[in-house]
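Worksheet: the structure to be examined is printed underneath.
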Amino acid sequence: MTLSEQVFTPPQRDDVIPVLATERLVLRAPRRSDVKAIATLVNDRRIAANTARIPHPYAIENAEQFIAAVNKREGEASFVIALDGAPIGVCSVDPREDGPELGYWLGVPYWGRGFATEAVRALIDYAFGDLEHGTLISGARVNNPASRRVLEKCGFQWTGVRRSRIRAINSAAPVDRFRLDRGLWASLKSWGRANRAV
């Protein structure tokens, strides 16, 4: 077969999603082998009720649809959060009308151990560093103080409350909205380096 006869297949968006490593976690592109783990973890009403778009109940078919559609849109960067090779959650930067939005969820057995903060910090560094975003927005339901603390520990500043549609409860609920800009992120990064040097 000559070069002109070969069929060119453009790279898929998930081919350009890097692997991000933290002290305990690996963030990587979701893959088909993650379907069962994702469906098992996210099929918990406590997770779905605190996210905008996750349905409840959540079946294998939902996870298959997620894997088939993820990282296909320009500007989208979604990662599986893995601990010792096993998926424990998902985090992403998603293009929106009002700016790129950071979102995440962790399986309930992994709550309260600092994994969300660790993953979100890595994702923020990627969003401002590699993706060169100027700002990030995010949200947490007002009845979800743990998620709010994650955002605040990562430097996000509260901007107000608005009602957002929550698919799992088939209704709108009040959501605290947050914003982080590149300048604050850069300051926090440099303060962290200065503190470690002392």
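In the structure tokens, chains take letters A, B, ... by order of appearance, with residues numbered from 1 within each chain and ligands from 1 in the order shown.
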
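Near stretch 57-63 of chain A, within a cut-off of 6 Å and counting only C-alpha atoms, sit the residues A:Val35, A:Ala39, A:Asn43, with same-chain residues fewer than 6 positions away left out.
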
With stretch 90-112 of chain A as the partner and 12 Å as the cut-off, tabulate the residues of stretch 166-192 of chain A that qualify, each row holding the nearest pair of atoms and their distance in Å to one decimal, using only C-alpha atoms, sorted by chain and rising number, as a Markdown table.
```
| residue | atom | partner | partner_atom | distance |
| --- | --- | --- | --- | --- |
| A:Arg177 | CA | A:Glu101 | CA | 10.5 |
| A:Phe178 | CA | A:Glu101 | CA | 9.7 |
| A:Arg179 | CA | A:Glu101 | CA | 9.1 |
| A:Leu180 | CA | A:Leu102 | CA | 10.1 |
| A:Asp181 | CA | A:Gly99 | CA | 11.1 |
```

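With only C-alpha atoms taken into account, the protein and nucleic acid residues at most 9 Å from A:Ala21 (excluding it and anything under 4 positions from it in its own chain) are Leu25, Val26, Leu27, Arg28, Ala119 and Ala122 of chain A.
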
Include C-alpha atoms and write out the residues we just selected as a JSON list (two decimals), in the first residue's frame.
```json
[["chain", "number", "residue", "atom", "x", "y", "z"],
["A", 25, "LEU", "CA", -3.44, 9.63, 42.19],
["A", 26, "VAL", "CA", -3.22, 9.31, 38.43],
["A", 27, "LEU", "CA", -5.58, 11.34, 36.23],
["A", 28, "ARG", "CA", -5.97, 9.88, 32.74],
["A", 119, "ALA", "CA", -7.24, 15.76, 41.89],
["A", 122, "ALA", "CA", -3.82, 18.83, 39.41]]
```

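Residue nearest A:Ala82, chosen from A:Ile38, A:Ala186, A:Val70, A:Ile166 and counting only C-alpha atoms: A:Ile38.
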
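When only C-alpha atoms are used to compute distances to A:Trp158, the closest of the residues A:Ala116, A:Ile88, A:Ile81, A:Ala140 turns out to be A:Ala140.
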
All strand (DSSP E) positions in stretch 117-175 of chain A, as a PyMOL selection string: chain A and resi 135-141+157-166+171-175

Could you take the residues named above and write them with N, CA and C atoms, as a PDB file, in the first residue's frame?
```
ATOM      1  N   THR A 135      -9.622  32.002  33.308  1.00  0.00           N
ATOM      2  CA  THR A 135     -10.437  31.819  34.507  1.00  0.00           C
ATOM      3  C   THR A 135     -11.068  30.439  34.474  1.00  0.00           C
ATOM      4  N   LEU A 136     -11.473  29.974  35.638  1.00  0.00           N
ATOM      5  CA  LEU A 136     -12.262  28.758  35.766  1.00  0.00           C
ATOM      6  C   LEU A 136     -13.448  29.081  36.658  1.00  0.00           C
ATOM      7  N   ILE A 137     -14.580  28.451  36.382  1.00  0.00           N
ATOM      8  CA  ILE A 137     -15.742  28.573  37.252  1.00  0.00           C
ATOM      9  C   ILE A 137     -16.092  27.179  37.766  1.00  0.00           C
ATOM     10  N   SER A 138     -16.820  27.128  38.856  1.00  0.00           N
ATOM     11  CA  SER A 138     -17.269  25.858  39.395  1.00  0.00           C
ATOM     12  C   SER A 138     -18.457  26.116  40.305  1.00  0.00           C
ATOM     13  N   GLY A 139     -19.036  25.058  40.809  1.00  0.00           N
ATOM     14  CA  GLY A 139     -20.182  25.200  41.698  1.00  0.00           C
ATOM     15  C   GLY A 139     -20.302  24.027  42.645  1.00  0.00           C
ATOM     16  N   ALA A 140     -21.028  24.252  43.720  1.00  0.00           N
ATOM     17  CA  ALA A 140     -21.323  23.196  44.693  1.00  0.00           C
ATOM     18  C   ALA A 140     -22.703  23.482  45.264  1.00  0.00           C
ATOM     19  N   ARG A 141     -23.536  22.468  45.358  1.00  0.00           N
ATOM     20  CA  ARG A 141     -24.851  22.684  45.969  1.00  0.00           C
ATOM     21  C   ARG A 141     -24.668  23.238  47.368  1.00  0.00           C
ATOM     22  N   GLN A 157     -12.938  31.490  44.652  1.00  0.00           N
ATOM     23  CA  GLN A 157     -13.607  32.528  45.418  1.00  0.00           C
ATOM     24  C   GLN A 157     -15.105  32.467  45.143  1.00  0.00           C
ATOM     25  N   TRP A 158     -15.901  32.584  46.208  1.00  0.00           N
ATOM     26  CA  TRP A 158     -17.354  32.539  46.097  1.00  0.00           C
ATOM     27  C   TRP A 158     -17.842  33.775  45.361  1.00  0.00           C
ATOM     28  N   THR A 159     -18.773  33.575  44.407  1.00  0.00           N
ATOM     29  CA  THR A 159     -19.303  34.703  43.629  1.00  0.00           C
ATOM     30  C   THR A 159     -20.808  34.888  43.806  1.00  0.00           C
ATOM     31  N   GLY A 160     -21.475  33.955  44.476  1.00  0.00           N
ATOM     32  CA  GLY A 160     -22.907  34.087  44.680  1.00  0.00           C
ATOM     33  C   GLY A 160     -23.612  32.751  44.606  1.00  0.00           C
ATOM     34  N   VAL A 161     -24.934  32.818  44.658  1.00  0.00           N
ATOM     35  CA  VAL A 161     -25.765  31.620  44.600  1.00  0.00           C
ATOM     36  C   VAL A 161     -26.717  31.758  43.427  1.00  0.00           C
ATOM     37  N   ARG A 162     -26.930  30.664  42.710  1.00  0.00           N
ATOM     38  CA  ARG A 162     -27.953  30.658  41.664  1.00  0.00           C
ATOM     39  C   ARG A 162     -28.618  29.291  41.649  1.00  0.00           C
ATOM     40  N   ARG A 163     -29.795  29.251  41.113  1.00  0.00           N
ATOM     41  CA  ARG A 163     -30.501  27.984  40.994  1.00  0.00           C
ATOM     42  C   ARG A 163     -30.030  27.276  39.729  1.00  0.00           C
ATOM     43  N   SER A 164     -29.730  25.988  39.873  1.00  0.00           N
ATOM     44  CA  SER A 164     -29.271  25.177  38.741  1.00  0.00           C
ATOM     45  C   SER A 164     -30.101  23.905  38.667  1.00  0.00           C
ATOM     46  N   ARG A 165     -30.330  23.461  37.456  1.00  0.00           N
ATOM     47  CA  ARG A 165     -31.087  22.229  37.232  1.00  0.00           C
ATOM     48  C   ARG A 165     -30.235  21.025  37.623  1.00  0.00           C
ATOM     49  N   ILE A 166     -30.787  20.140  38.442  1.00  0.00           N
ATOM     50  CA  ILE A 166     -30.111  18.920  38.877  1.00  0.00           C
ATOM     51  C   ILE A 166     -30.888  17.743  38.300  1.00  0.00           C
ATOM     52  N   SER A 171     -35.240  18.663  39.265  1.00  0.00           N
ATOM     53  CA  SER A 171     -35.651  19.963  39.781  1.00  0.00           C
ATOM     54  C   SER A 171     -34.439  20.884  39.817  1.00  0.00           C
ATOM     55  N   ALA A 172     -34.681  22.133  40.165  1.00  0.00           N
ATOM     56  CA  ALA A 172     -33.593  23.088  40.358  1.00  0.00           C
ATOM     57  C   ALA A 172     -33.279  23.185  41.839  1.00  0.00           C
ATOM     58  N   ALA A 173     -32.032  23.511  42.146  1.00  0.00           N
ATOM     59  CA  ALA A 173     -31.608  23.648  43.535  1.00  0.00           C
ATOM     60  C   ALA A 173     -30.604  24.791  43.619  1.00  0.00           C
ATOM     61  N   PRO A 174     -30.472  25.419  44.797  1.00  0.00           N
ATOM     62  CA  PRO A 174     -29.487  26.490  44.939  1.00  0.00           C
ATOM     63  C   PRO A 174     -28.056  25.934  44.915  1.00  0.00           C
ATOM     64  N   VAL A 175     -27.221  26.605  44.153  1.00  0.00           N
ATOM     65  CA  VAL A 175     -25.828  26.197  43.977  1.00  0.00           C
ATOM     66  C   VAL A 175     -24.923  27.396  44.244  1.00  0.00           C
TER      67      VAL A 175
END
```

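Atom pair atom CA of A:Ala37 / atom CA of A:Arg73 has a distance of 23.7 Å (rounded to one decimal).
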